[in-house]
Structure formats: structure tokens, C-alpha cells
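Trainee: Hey, dropping protein07.tsv in here, TSV, C-alpha atoms and all ligand atoms:
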```tsv
chain	number	residue	atom	x	y	z
M	107	MET	CA	-28.67	-8.97	-69.26
M	108	PHE	CA	-25.08	-8.82	-70.60
M	109	ASN	CA	-22.53	-10.37	-68.33
M	110	PRO	CA	-18.79	-10.07	-69.17
M	111	PHE	CA	-18.37	-13.59	-67.75
M	112	MET	CA	-20.26	-14.88	-70.80
M	113	LEU	CA	-17.52	-13.68	-73.14
M	114	VAL	CA	-15.27	-16.52	-71.98
M	115	PRO	CA	-17.41	-19.43	-73.29
M	116	CYS	CA	-18.09	-17.43	-76.46
M	117	LEU	CA	-14.35	-17.03	-77.08
M	118	ILE	CA	-13.72	-20.72	-76.32
M	119	CYS	CA	-16.46	-21.61	-78.79
M	120	LEU	CA	-14.88	-19.40	-81.44
M	121	TYR	CA	-11.49	-20.98	-80.83
M	122	ASP	CA	-12.98	-24.48	-81.23
M	123	ILE	CA	-14.53	-23.50	-84.55
M	124	LEU	CA	-11.37	-21.87	-85.93
M	125	SER	CA	-8.87	-24.45	-84.69
M	126	MET	CA	-10.90	-27.66	-85.00
M	127	ILE	CA	-13.74	-27.29	-87.50
M	128	PHE	CA	-12.14	-25.08	-90.18
M	129	PRO	CA	-9.07	-27.31	-90.81
M	130	LEU	CA	-11.27	-30.42	-91.27
M	131	ARG	CA	-11.62	-31.63	-94.84
M	132	PHE	CA	-15.35	-32.17	-94.44
M	133	SER	CA	-18.14	-30.88	-96.65
M	134	TRP	CA	-19.51	-27.47	-95.61
M	135	PRO	CA	-22.95	-28.81	-94.65
M	136	LEU	CA	-21.25	-31.21	-92.21
M	137	LYS	CA	-18.99	-28.43	-90.90
M	138	ILE	CA	-22.01	-26.17	-90.36
M	139	LEU	CA	-23.77	-28.96	-88.46
M	140	LEU	CA	-20.71	-29.38	-86.20
M	141	ILE	CA	-20.52	-25.61	-85.67
M	142	LEU	CA	-24.19	-25.50	-84.66
M	143	LEU	CA	-23.63	-28.36	-82.20
M	144	ILE	CA	-20.66	-26.57	-80.63
M	145	ILE	CA	-22.57	-23.30	-80.41
M	146	SER	CA	-25.49	-25.03	-78.62
M	147	GLY	CA	-23.38	-25.45	-75.44
M	148	PRO	CA	-22.66	-21.76	-74.75
M	149	ALA	CA	-26.09	-20.88	-76.18
M	150	LYS	CA	-27.69	-22.81	-73.31
M	151	MET	CA	-25.57	-20.88	-70.85
M	152	LEU	CA	-26.49	-17.55	-72.44
M	153	LEU	CA	-30.18	-18.48	-72.28
M	154	MET	CA	-29.79	-19.54	-68.66
M	155	ARG	CA	-28.22	-16.21	-67.81
M	156	MET	CA	-31.11	-14.38	-69.41
M	157	THR	CA	-33.83	-16.27	-67.52
M	158	PRO	CA	-34.87	-15.14	-64.04
M	159	SER	CA	-33.94	-18.54	-62.63
M	160	GLY	CA	-30.30	-17.87	-63.44
M	161	PHE	CA	-28.49	-21.16	-63.80
M	162	THR	CA	-31.34	-23.30	-65.01
M	163	ILE	CA	-34.13	-23.46	-67.53
M	164	PRO	CA	-37.04	-25.23	-65.86
M	165	GLU	CA	-38.98	-25.60	-69.09
M	166	LEU	CA	-36.29	-27.79	-70.73
M	167	THR	CA	-36.72	-31.53	-70.38
M	168	ARG	CA	-33.95	-33.25	-68.52
M	169	ASN	CA	-32.65	-35.00	-71.66
M	170	ILE	CA	-32.42	-31.80	-73.70
M	171	ALA	CA	-30.70	-30.01	-70.81
M	172	LEU	CA	-28.28	-32.93	-70.52
M	173	ILE	CA	-27.43	-32.89	-74.25
M	174	LEU	CA	-26.80	-29.12	-74.20
M	175	SER	CA	-24.67	-29.40	-71.07
M	176	ALA	CA	-22.76	-32.27	-72.71
M	177	MET	CA	-22.08	-30.03	-75.71
M	178	PHE	CA	-20.75	-27.35	-73.37
M	179	SER	CA	-18.50	-29.98	-71.78
M	180	PHE	CA	-17.35	-31.12	-75.23
M	181	MET	CA	-16.47	-27.52	-76.09
M	182	ILE	CA	-14.25	-27.23	-72.99
M	183	VAL	CA	-12.51	-30.59	-73.49
M	184	ALA	CA	-11.93	-29.86	-77.18
M	185	ALA	CA	-10.41	-26.46	-76.32
M	186	ILE	CA	-7.92	-28.05	-73.89
M	187	LEU	CA	-6.90	-30.59	-76.54
M	188	LEU	CA	-6.72	-27.89	-79.22
M	189	ILE	CA	-4.28	-25.83	-77.16
M	190	MET	CA	-2.01	-28.90	-77.05
M	191	LYS	CA	-2.51	-29.45	-80.80
M	192	ASP	CA	-1.66	-25.83	-81.61
M	193	ILE	CA	1.47	-25.91	-79.45
M	194	VAL	CA	2.59	-29.05	-81.33
M	195	GLN	CA	1.76	-27.28	-84.60
M	196	VAL	CA	4.04	-24.33	-83.75
M	197	PHE	CA	6.96	-26.64	-82.90
M	198	TRP	CA	6.25	-28.78	-85.97
M	199	ARG	CA	6.60	-25.80	-88.26
M	200	LEU	CA	9.61	-24.38	-86.42
M	201	PHE	CA	11.70	-27.53	-86.23
M	202	LEU	CA	10.42	-29.91	-88.91
M	203	HIS	CA	9.85	-27.25	-91.58
M	204	ALA	CA	7.07	-29.48	-92.89
M	205	LYS	CA	3.38	-29.03	-93.54
M	206	PHE	CA	1.39	-29.80	-90.40
M	207	PRO	CA	-1.32	-32.45	-90.96
M	208	ALA	CA	-4.02	-30.09	-89.74
M	209	HIS	CA	-6.96	-32.19	-90.93
M	210	PHE	CA	-5.83	-35.35	-89.14
M	211	ALA	CA	-4.85	-33.46	-85.97
M	212	SER	CA	-8.24	-31.71	-85.83
M	213	LEU	CA	-10.04	-34.98	-86.54
M	214	ALA	CA	-8.11	-36.66	-83.72
M	215	VAL	CA	-9.12	-33.86	-81.32
M	216	LEU	CA	-12.75	-34.14	-82.42
M	217	ILE	CA	-12.83	-37.91	-81.85
M	218	ILE	CA	-10.95	-37.87	-78.53
M	219	ALA	CA	-13.08	-35.00	-77.20
M	220	ALA	CA	-16.30	-36.73	-78.28
M	221	ILE	CA	-15.37	-40.07	-76.66
M	222	SER	CA	-14.12	-38.32	-73.50
M	223	THR	CA	-17.33	-36.31	-73.25
M	224	VAL	CA	-19.65	-39.31	-73.64
M	225	TYR	CA	-17.71	-41.31	-71.04
M	226	GLY	CA	-17.24	-38.27	-68.76
M	227	VAL	CA	-20.92	-37.31	-68.80
M	228	TYR	CA	-21.84	-40.90	-67.97
M	229	GLN	CA	-19.43	-40.73	-65.00
M	230	GLY	CA	-20.74	-37.33	-63.97
M	231	THR	CA	-24.43	-38.17	-64.02
M	232	ARG	CA	-24.57	-41.68	-62.52
M	233	VAL	CA	-25.57	-42.18	-58.91
M	234	PRO	CA	-22.26	-42.27	-57.02
M	235	GLU	CA	-20.98	-45.21	-55.05
M	236	VAL	CA	-20.35	-45.16	-51.32
M	237	VAL	CA	-16.72	-44.62	-50.39
M	238	ALA	CA	-15.85	-45.68	-46.84
M	239	HIS	CA	-13.23	-43.92	-44.72
M	240	ASP	CA	-11.98	-44.97	-41.27
M	241	VAL	CA	-11.01	-41.87	-39.31
M	242	LYS	CA	-9.10	-41.73	-36.04
M	243	ILE	CA	-10.21	-38.83	-33.87
M	244	PRO	CA	-8.00	-37.93	-30.89
M	245	GLY	CA	-10.03	-37.65	-27.70
M	246	LEU	CA	-13.14	-39.33	-29.15
M	247	ALA	CA	-15.17	-40.89	-26.36
M	248	LYS	CA	-15.36	-44.70	-26.34
M	249	SER	CA	-19.14	-44.53	-26.68
M	250	PHE	CA	-18.69	-42.77	-30.04
M	251	ASP	CA	-16.16	-45.31	-31.30
M	252	GLY	CA	-17.63	-46.71	-34.52
M	253	LEU	CA	-19.91	-43.69	-35.09
M	254	ARG	CA	-21.09	-43.71	-38.70
M	255	VAL	CA	-21.13	-40.29	-40.35
M	256	ALA	CA	-22.51	-40.15	-43.91
M	257	MET	CA	-21.81	-37.12	-46.08
M	258	ILE	CA	-23.29	-35.87	-49.33
M	259	VAL	CA	-22.24	-32.52	-50.79
M	260	ASP	CA	-22.54	-30.59	-54.06
M	261	ILE	CA	-25.65	-32.42	-55.18
M	262	HIS	CA	-26.46	-29.37	-57.35
M	263	VAL	CA	-30.04	-30.24	-58.12
M	264	GLY	CA	-30.99	-28.44	-61.31
M	265	SER	CA	-31.78	-29.05	-64.95
M	266	VAL	CA	-29.80	-32.33	-65.02
M	267	ASN	CA	-30.01	-33.75	-61.47
M	268	ARG	CA	-33.68	-34.09	-60.71
M	269	ARG	CA	-35.91	-35.99	-58.28
M	270	PRO	CA	-34.95	-39.56	-59.37
M	271	PHE	CA	-31.27	-38.75	-58.72
M	272	VAL	CA	-32.04	-37.35	-55.27
M	273	GLU	CA	-34.24	-40.35	-54.44
M	274	SER	CA	-31.40	-42.74	-55.35
M	275	VAL	CA	-28.89	-40.78	-53.27
M	276	VAL	CA	-31.24	-40.73	-50.26
M	277	GLU	CA	-31.82	-44.48	-50.61
M	278	SER	CA	-28.04	-45.13	-50.70
M	279	VAL	CA	-27.44	-42.93	-47.65
M	280	ASN	CA	-30.24	-44.45	-45.57
M	281	ALA	CA	-28.99	-47.96	-46.45
M	282	LEU	CA	-25.80	-47.08	-44.54
M	283	SER	CA	-27.77	-46.69	-41.29
M	284	PRO	CA	-25.81	-43.54	-40.45
M	285	ASP	CA	-25.73	-42.02	-36.97
M	286	VAL	CA	-25.12	-38.54	-38.39
M	287	ILE	CA	-25.62	-37.10	-41.89
M	288	LEU	CA	-23.63	-34.06	-43.04
M	289	ILE	CA	-24.44	-31.92	-46.09
M	290	PRO	CA	-21.86	-29.12	-46.41
M	291	GLY	CA	-23.50	-27.09	-49.12
M	292	ASP	CA	-24.41	-26.56	-52.78
M	293	PHE	CA	-27.82	-28.20	-52.72
M	294	VAL	CA	-29.38	-26.56	-55.72
M	295	ASP	CA	-29.17	-24.42	-58.84
M	296	GLY	CA	-32.61	-22.91	-59.24
M	297	ARG	CA	-35.55	-21.27	-57.57
M	298	VAL	CA	-37.65	-22.85	-54.83
M	299	LYS	CA	-40.76	-22.91	-57.01
M	300	ASP	CA	-38.90	-24.76	-59.79
M	301	ARG	CA	-36.82	-27.19	-57.77
M	302	LYS	CA	-38.57	-27.89	-54.46
M	303	TYR	CA	-40.20	-31.04	-55.89
M	304	ASP	CA	-36.77	-32.38	-56.97
M	305	LEU	CA	-35.20	-31.82	-53.53
M	306	GLU	CA	-38.16	-33.09	-51.56
M	307	PRO	CA	-36.76	-36.66	-51.12
M	308	LEU	CA	-34.17	-35.16	-48.75
M	309	LYS	CA	-36.91	-35.12	-46.12
M	310	ASP	CA	-36.62	-38.93	-46.02
M	311	LEU	CA	-32.99	-38.88	-44.82
M	312	ARG	CA	-32.71	-40.70	-41.49
M	313	ALA	CA	-29.92	-40.56	-38.92
M	314	LYS	CA	-29.88	-41.22	-35.17
M	315	PHE	CA	-28.43	-37.82	-34.24
M	316	GLY	CA	-29.87	-35.85	-37.17
M	317	VAL	CA	-29.03	-34.25	-40.50
M	318	PHE	CA	-26.76	-31.18	-40.35
M	319	ALA	CA	-25.83	-28.77	-43.12
M	320	VAL	CA	-24.16	-25.50	-44.06
M	321	THR	CA	-24.70	-23.27	-47.06
M	322	GLY	CA	-22.54	-23.50	-50.17
M	323	ASN	CA	-21.86	-20.61	-52.53
M	324	HIS	CA	-24.66	-21.70	-54.90
M	325	GLU	CA	-27.30	-21.24	-52.20
M	326	TYR	CA	-26.60	-17.48	-52.42
M	327	TYR	CA	-27.31	-17.28	-56.16
M	328	TYR	CA	-31.06	-17.84	-55.67
M	329	ASP	CA	-33.66	-17.35	-53.01
M	330	LEU	CA	-31.42	-18.08	-50.01
M	331	HIS	CA	-34.05	-17.52	-47.36
M	332	GLY	CA	-36.65	-19.45	-49.31
M	333	TRP	CA	-34.29	-22.39	-49.62
M	334	LEU	CA	-33.26	-22.30	-45.96
M	335	GLU	CA	-36.91	-22.34	-44.95
M	336	THR	CA	-37.68	-25.18	-47.39
M	337	LEU	CA	-34.70	-27.34	-46.46
M	338	THR	CA	-35.21	-26.73	-42.74
M	339	GLY	CA	-38.79	-27.90	-43.30
M	340	PHE	CA	-37.30	-31.14	-44.69
M	341	GLY	CA	-35.72	-31.76	-41.27
M	342	ILE	CA	-32.23	-30.46	-42.08
M	343	LYS	CA	-30.53	-28.47	-39.30
M	344	PHE	CA	-28.37	-25.64	-40.67
M	345	LEU	CA	-25.39	-24.57	-38.62
M	346	HIS	CA	-24.77	-20.90	-39.42
M	347	ASN	CA	-21.46	-20.12	-37.75
M	348	GLU	CA	-22.69	-22.24	-34.86
M	349	HIS	CA	-22.40	-25.74	-33.46
M	350	ALA	CA	-24.50	-28.54	-32.08
M	351	VAL	CA	-23.46	-30.97	-29.37
M	352	ILE	CA	-24.49	-34.60	-29.70
M	353	SER	CA	-24.40	-36.77	-26.61
M	354	SER	CA	-24.17	-40.44	-25.79
M	355	GLY	CA	-24.45	-40.90	-22.04
M	356	ASP	CA	-21.91	-38.50	-20.55
M	357	SER	CA	-19.89	-38.34	-23.77
M	358	LYS	CA	-20.11	-35.46	-26.21
M	359	LEU	CA	-19.13	-34.67	-29.80
M	360	VAL	CA	-19.38	-31.26	-31.47
M	361	ILE	CA	-20.73	-30.80	-35.00
M	362	ALA	CA	-19.99	-27.25	-36.20
M	363	GLY	CA	-20.65	-25.33	-39.39
M	364	SER	CA	-19.28	-22.17	-41.01
M	365	LEU	CA	-21.30	-20.03	-43.39
M	366	ASP	CA	-19.96	-20.01	-46.93
M	367	PRO	CA	-17.80	-16.92	-47.59
M	368	THR	CA	-20.25	-15.81	-50.30
M	369	SER	CA	-22.37	-14.71	-47.33
M	370	ARG	CA	-19.52	-12.28	-46.44
M	371	ASN	CA	-19.93	-13.67	-42.95
M	372	HIS	CA	-17.73	-16.78	-42.84
M	373	ASP	CA	-16.75	-17.05	-39.18
M	374	THR	CA	-15.43	-20.35	-37.85
M	375	GLU	CA	-14.26	-18.72	-34.60
M	376	ARG	CA	-17.84	-17.75	-33.88
M	377	ALA	CA	-19.03	-21.24	-34.80
M	378	LEU	CA	-16.73	-22.65	-32.13
M	379	GLU	CA	-17.53	-20.17	-29.35
M	380	ASN	CA	-18.33	-21.95	-26.08
M	381	VAL	CA	-17.68	-25.46	-27.36
M	382	PRO	CA	-17.27	-27.77	-24.35
M	383	ALA	CA	-13.64	-28.31	-23.34
M	384	ASN	CA	-11.84	-31.46	-24.48
M	385	VAL	CA	-14.61	-32.47	-26.86
M	386	PRO	CA	-13.60	-33.28	-30.47
M	387	VAL	CA	-15.01	-30.99	-33.16
M	388	ILE	CA	-16.17	-32.01	-36.63
M	389	LEU	CA	-16.49	-28.89	-38.79
M	390	MET	CA	-18.41	-28.45	-42.03
M	391	ASP	CA	-16.92	-25.69	-44.17
M	392	HIS	CA	-18.14	-25.75	-47.78
M	393	GLN	CA	-14.92	-24.40	-49.28
M	394	PRO	CA	-11.70	-26.06	-48.11
M	395	LYS	CA	-9.46	-23.00	-48.45
M	396	PHE	CA	-9.82	-21.95	-44.80
M	397	ALA	CA	-8.39	-25.23	-43.52
M	398	ASN	CA	-5.09	-23.73	-42.31
M	399	ASN	CA	-6.94	-21.24	-40.14
M	400	ASN	CA	-9.49	-23.82	-38.96
M	401	ALA	CA	-6.68	-26.13	-37.85
M	402	LYS	CA	-5.48	-23.42	-35.43
M	403	LEU	CA	-8.93	-23.32	-33.83
M	404	GLY	CA	-8.79	-26.86	-32.49
M	405	VAL	CA	-10.91	-28.60	-35.12
M	406	SER	CA	-10.35	-32.38	-35.24
M	407	LEU	CA	-11.92	-33.10	-38.62
M	408	GLN	CA	-12.96	-30.64	-41.33
M	409	VAL	CA	-15.15	-31.85	-44.17
M	410	SER	CA	-15.56	-29.80	-47.34
M	411	GLY	CA	-16.72	-30.01	-50.94
M	412	HIS	CA	-16.95	-27.24	-53.55
M	413	THR	CA	-14.02	-28.35	-55.72
M	414	HIS	CA	-15.77	-31.38	-57.28
M	415	GLY	CA	-12.28	-32.91	-57.27
M	416	GLY	CA	-11.42	-30.81	-60.34
M	417	GLN	CA	-13.65	-33.02	-62.55
M	418	ILE	CA	-11.10	-33.38	-65.38
M	419	PRO	CA	-7.30	-33.14	-65.74
M	420	VAL	CA	-5.99	-29.59	-66.32
M	421	VAL	CA	-9.09	-28.18	-64.57
M	422	TYR	CA	-7.84	-30.17	-61.54
M	423	GLN	CA	-4.66	-28.05	-61.45
M	424	ILE	CA	-6.61	-24.79	-61.81
M	425	THR	CA	-9.06	-25.86	-59.07
M	426	ARG	CA	-6.19	-26.67	-56.72
M	427	LYS	CA	-4.69	-23.21	-57.22
M	428	LEU	CA	-8.05	-21.54	-56.52
M	429	ASN	CA	-8.68	-23.51	-53.33
M	430	GLY	CA	-5.52	-23.10	-51.31
M	431	GLY	CA	-4.00	-26.34	-52.65
M	432	PHE	CA	-6.92	-28.51	-51.46
M	433	VAL	CA	-8.87	-30.22	-54.20
M	434	ARG	CA	-9.70	-33.81	-53.31
M	435	GLY	CA	-9.04	-36.42	-50.63
M	436	TRP	CA	-7.29	-36.37	-47.27
M	437	TYR	CA	-4.94	-33.71	-45.94
M	438	ASP	CA	-3.24	-33.46	-42.55
M	439	ILE	CA	-2.88	-29.88	-41.36
M	440	ASP	CA	-1.09	-29.45	-38.05
M	441	GLY	CA	-2.96	-32.41	-36.59
M	442	MET	CA	-6.34	-31.49	-38.09
M	443	LYS	CA	-7.71	-33.93	-40.64
M	444	LEU	CA	-9.26	-32.35	-43.73
M	445	TYR	CA	-11.37	-34.35	-46.14
M	446	VAL	CA	-12.29	-32.68	-49.43
M	447	SER	CA	-15.03	-34.68	-51.08
M	448	PRO	CA	-15.08	-34.90	-54.88
M	449	GLY	CA	-18.78	-34.19	-54.45
M	450	THR	CA	-21.90	-36.29	-54.82
M	451	SER	CA	-22.44	-34.48	-58.12
M	452	GLN	CA	-21.49	-31.18	-59.76
M	453	TRP	CA	-22.90	-28.05	-61.38
M	454	ASP	CA	-25.24	-29.02	-64.21
M	455	GLY	CA	-23.57	-26.75	-66.75
M	456	PHE	CA	-20.50	-29.02	-66.86
M	457	PRO	CA	-21.70	-32.50	-65.88
M	458	MET	CA	-18.62	-34.54	-66.75
M	459	ARG	CA	-15.81	-36.23	-64.85
M	460	LEU	CA	-12.66	-38.02	-65.97
M	461	PHE	CA	-10.53	-39.92	-63.43
M	462	ASP	CA	-12.56	-38.22	-60.68
M	463	PRO	CA	-15.59	-40.28	-59.60
M	464	SER	CA	-18.23	-38.62	-57.46
M	465	GLU	CA	-19.03	-40.23	-54.12
M	466	ILE	CA	-21.26	-40.62	-51.12
M	467	SER	CA	-18.85	-40.58	-48.19
M	468	LEU	CA	-19.13	-42.74	-45.10
M	469	PHE	CA	-16.77	-41.89	-42.22
M	470	THR	CA	-16.49	-44.41	-39.41
M	471	LEU	CA	-14.97	-42.64	-36.41
M	472	HIS	CA	-12.52	-44.36	-34.11
M	473	ALA	CA	-11.04	-43.24	-30.81
M	474	GLU	CA	-7.30	-42.57	-30.91
W	501	FE	FE	-19.48	-24.68	-54.17
```
Could you write out this file's structure as C-alpha cells?
Ligand SMILES: [Fe+2]
Mentor:
Amino acid sequence: MFNPFMLVPCLICLYDILSMIFPLRFSWPLKILLILLIISGPAKMLLMRMTPSGFTIPELTRNIALILSAMFSFMIVAAILLIMKDIVQVFWRLFLHAKFPAHFASLAVLIIAAISTVYGVYQGTRVPEVVAHDVKIPGLAKSFDGLRVAMIVDIHVGSVNRRPFVESVVESVNALSPDVILIPGDFVDGRVKDRKYDLEPLKDLRAKFGVFAVTGNHEYYYDLHGWLETLTGFGIKFLHNEHAVISSGDSKLVIAGSLDPTSRNHDTERALENVPANVPVILMDHQPKFANNNAKLGVSLQVSGHTHGGQIPVVYQITRKLNGGFVRGWYDIDGMKLYVSPGTSQWDGFPMRLFDPSEISLFTLHAE
């Protein structure tokens, strides 16, 4: 089915060929080989769009899917570098009145993009390290002081991240002996029948007070109800504009969750209806852009994902604009703490990261 969205990668691909491959002083057979490699990236995306599973092709082996996704990533990185090259070229001709060394400039772009892609895909596909955060929560009961809250988000299980990745993440999380585990969305890119086996290790997650989650936007691109049933069967408690209260003796702590706005039913106010008075609230909201509103509702700590930390420079700036200025790390909003995770992984169509490592987050809460 034709989707206008697909024109964008096709145009980027064309730009790469015209601005990078054509000026190279290579033989035509080598140029044609490079063109075919560049075309393979958007070709995978076109094929994905035409399959019923949408964002994934279950019949591809993981390695082939990874190579095609790496080529797509290469195409994007090369395009960013080519824009810079072409701007330099315009100024070169205007002010130096000299012939621009197009071959060497295109070769430099090709080499830098290739090295960046290899390194970036390695960074994007490795099992992330644990990043520890100490968080002061006003009004936190003494009995919750030292509470260990582990968070994974944006695991995006699909053609690249499969069962071994999920097993490793689960092992890392359980090794933290968390009291609470939070998963604020974007579990999967694919249908239940194709990806249930890959996500199954999530049923081994262990935490004293349980595993809580909300939907991300990607949950709505497939069989939402099938996935909710499957993941709930794995022992994950979804908070759909609702909250849970965890108790330690007489002390309480609220864990709340907002539905992703893709549901057209994002409602944090409803999630916080009837929360006990003077009890701190930890809110999962997949997308961080509602943080200013959430801060007015008395939330102590909001945790989000969705942005993947921008993944690479330039895309970082675009991601920040699209997400209300929140892209990665800690923000203080009128007394509410917001943490935007760079994600435990990212969408498998663009599996690369530069200067933006993925993470498994561990929050240790302290009374303030
Ligand atoms: Fe997302």
C-alpha cells in the first residue's frame, strides 16, 4: 500500500546517490554496487510497509535485518554530512572562485558515514549498562528510603532485538534486586504471533512490589489488545490512566500511569483521581511532552522514554523540538523531577547511536 511517508527515505536515498556517489571518481561497477547498497536501506522499509506485520519482516534472519537497517542508518548519516558538504561547496564557489574537490569531499563523507554507522550500530545494539540515579523525593516515607526502582523502556523488540537481547536485559534487571520495575512503553514492533517468543523472557522479571507498565505509541501500531493480554500474562501490570498504591507498614507510595496519546485517551488527571493525600506519586508517561501539565497535578517524579535521547547529533535537536524540549536526562519542572531515559534500545529501522548510550535505569529513592 502506498504511503506518502515513504517518499521521504526515497528522496534521501536519491540525494545520497546524486551528491555522494556520482561525484566519486570510481569505476561504474563499483558505483553501481554502492548505489545498490544505499537503496537496500529504504527498500527494507518499503517491504516492511507492504507486509501485514508493518514494521518488521519476520522471515528475515536477524543478521540480514541488521545489515539492512544499518544501511538505512548509513543513508541518514550520509545525508546529514552531505548537506554540510553541499553548503561548503556553495560557499567555496562563491568566495574562492575555485573548483570544488567534489571527489575528495564525497569520499570523505562516504568514509566518515561508514565508520560512524559501524560504531553507531554497535552502540545501538549492545546490551545497555545500568545507570544509577539517586533521587530525593519530598514526603517519601522513611520505610521507602532506599527503595530501588529499575526502569527499562523502548526495548522495541522486532527484527533486530530478539529473544537473546531480552534475556540479557532481564538478567541485568533482576541482578539489581529491584523493589519495583517500571516499563513505560514501546515494547515491540510486530505482531503477537511473530514476536511473543522474543518477549517471553519478560515473564522472568522479579521485583518485590511488582512490574508496572504503560503503553507506548508503538503498541498501537499492531494488535494492541493481543499484546496487552500477552504482556499481562507475563505478570506485567498495566496502568491505563490509573494508579497503584504500594505499602510498607503504614507508609504508602503511588505508582501511576498515563495512556500514550496515540490512544487519543491520554489522561493523567484521571490516573491521579483519588490518590491518597500526602503520598508521593511516581508517574509513567511514555512521551515526556506533557511534563509541564503533569507537574501541576502534584507528581513527584515522572519517568518517560520515547525520544531515545535523539540517537545522533542533529536528530537530537529535531527530537527536542518535537518533544516539548525534553529529550534526555533530568529536568526540574516546578518542583517535579522528570527523567527522560535514552531508552534501553530503539526502533529497529534505525538501530544506531552516537554520543547517546542506551541504558537500564536504576533509581534509588531517598526521603527529602
Ligand atoms: Fe515511543
Trainee: With 7 Å as the cut-off and only C-alpha atoms and all ligand atoms counted, what is the closest atom pair between each nearby residue of chain M and ligand FE 501 (chain W)? Distances in Å to one decimal, ordered by chain and number, as a Markdown table.
Mentor:
```
| residue | atom | partner | partner_atom | distance |
| --- | --- | --- | --- | --- |
| M:Asp260 | CA | W:FE501 | FE | 6.7 |
| M:Gly291 | CA | W:FE501 | FE | 6.9 |
| M:Asp292 | CA | W:FE501 | FE | 5.5 |
| M:Gly322 | CA | W:FE501 | FE | 5.2 |
| M:Asn323 | CA | W:FE501 | FE | 5.0 |
| M:His324 | CA | W:FE501 | FE | 6.0 |
| M:His392 | CA | W:FE501 | FE | 6.6 |
| M:Gln393 | CA | W:FE501 | FE | 6.7 |
| M:Gly411 | CA | W:FE501 | FE | 6.8 |
| M:His412 | CA | W:FE501 | FE | 3.7 |
| M:Thr413 | CA | W:FE501 | FE | 6.8 |
```
Trainee: Ranking M:Ile141, M:Val272, M:Leu172, M:Met151 by minimum distance to M:Gly230 and counting all atoms listed in the file, which one comes first?
Mentor: M:Leu172
Trainee: Write out as JSON, numbers by chain each polymer residue whose atoms come within 6 Å of stretch 117-126 of chain M, counting all atoms listed in the file; drop sequence neighbours fewer than 3 positions from it.
Mentor: {"M": [114, 185, 212]}
Trainee: Excluding stretch 434-447 of chain M and any residue of its chain fewer than 2 positions from it, enumerate the residues within 6 Å of it, using all atoms listed in the file, and give them as an NGL selection string.
Mentor: :M and (401 or 406-411 or 415 or 449)
Trainee: In Å, rounded to a single decimal, give me how far atom CA of M:Val233 is from atom CA of M:Val275.
Mentor: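 Atom CA of M:Val233 lies at a distance of 6.7 Å from atom CA of M:Val275.
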Trainee: Report, in Å with one decimal, the straight-line distance from atom CA of M:Ala238 to atom CA of M:Gly226.
Mentor: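 Computed distance, atom CA of M:Ala238 to atom CA of M:Gly226, equals 23.2 Å.
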Trainee: Quick one: residues within 9 Å of stretch 345-350 of chain M, all atoms listed in the file, excluding same-chain residues fewer than 2 positions away - as a ChimeraX atom specification?
Mentor: /M:318-321,343,352,359-366,371-379,381,389-390
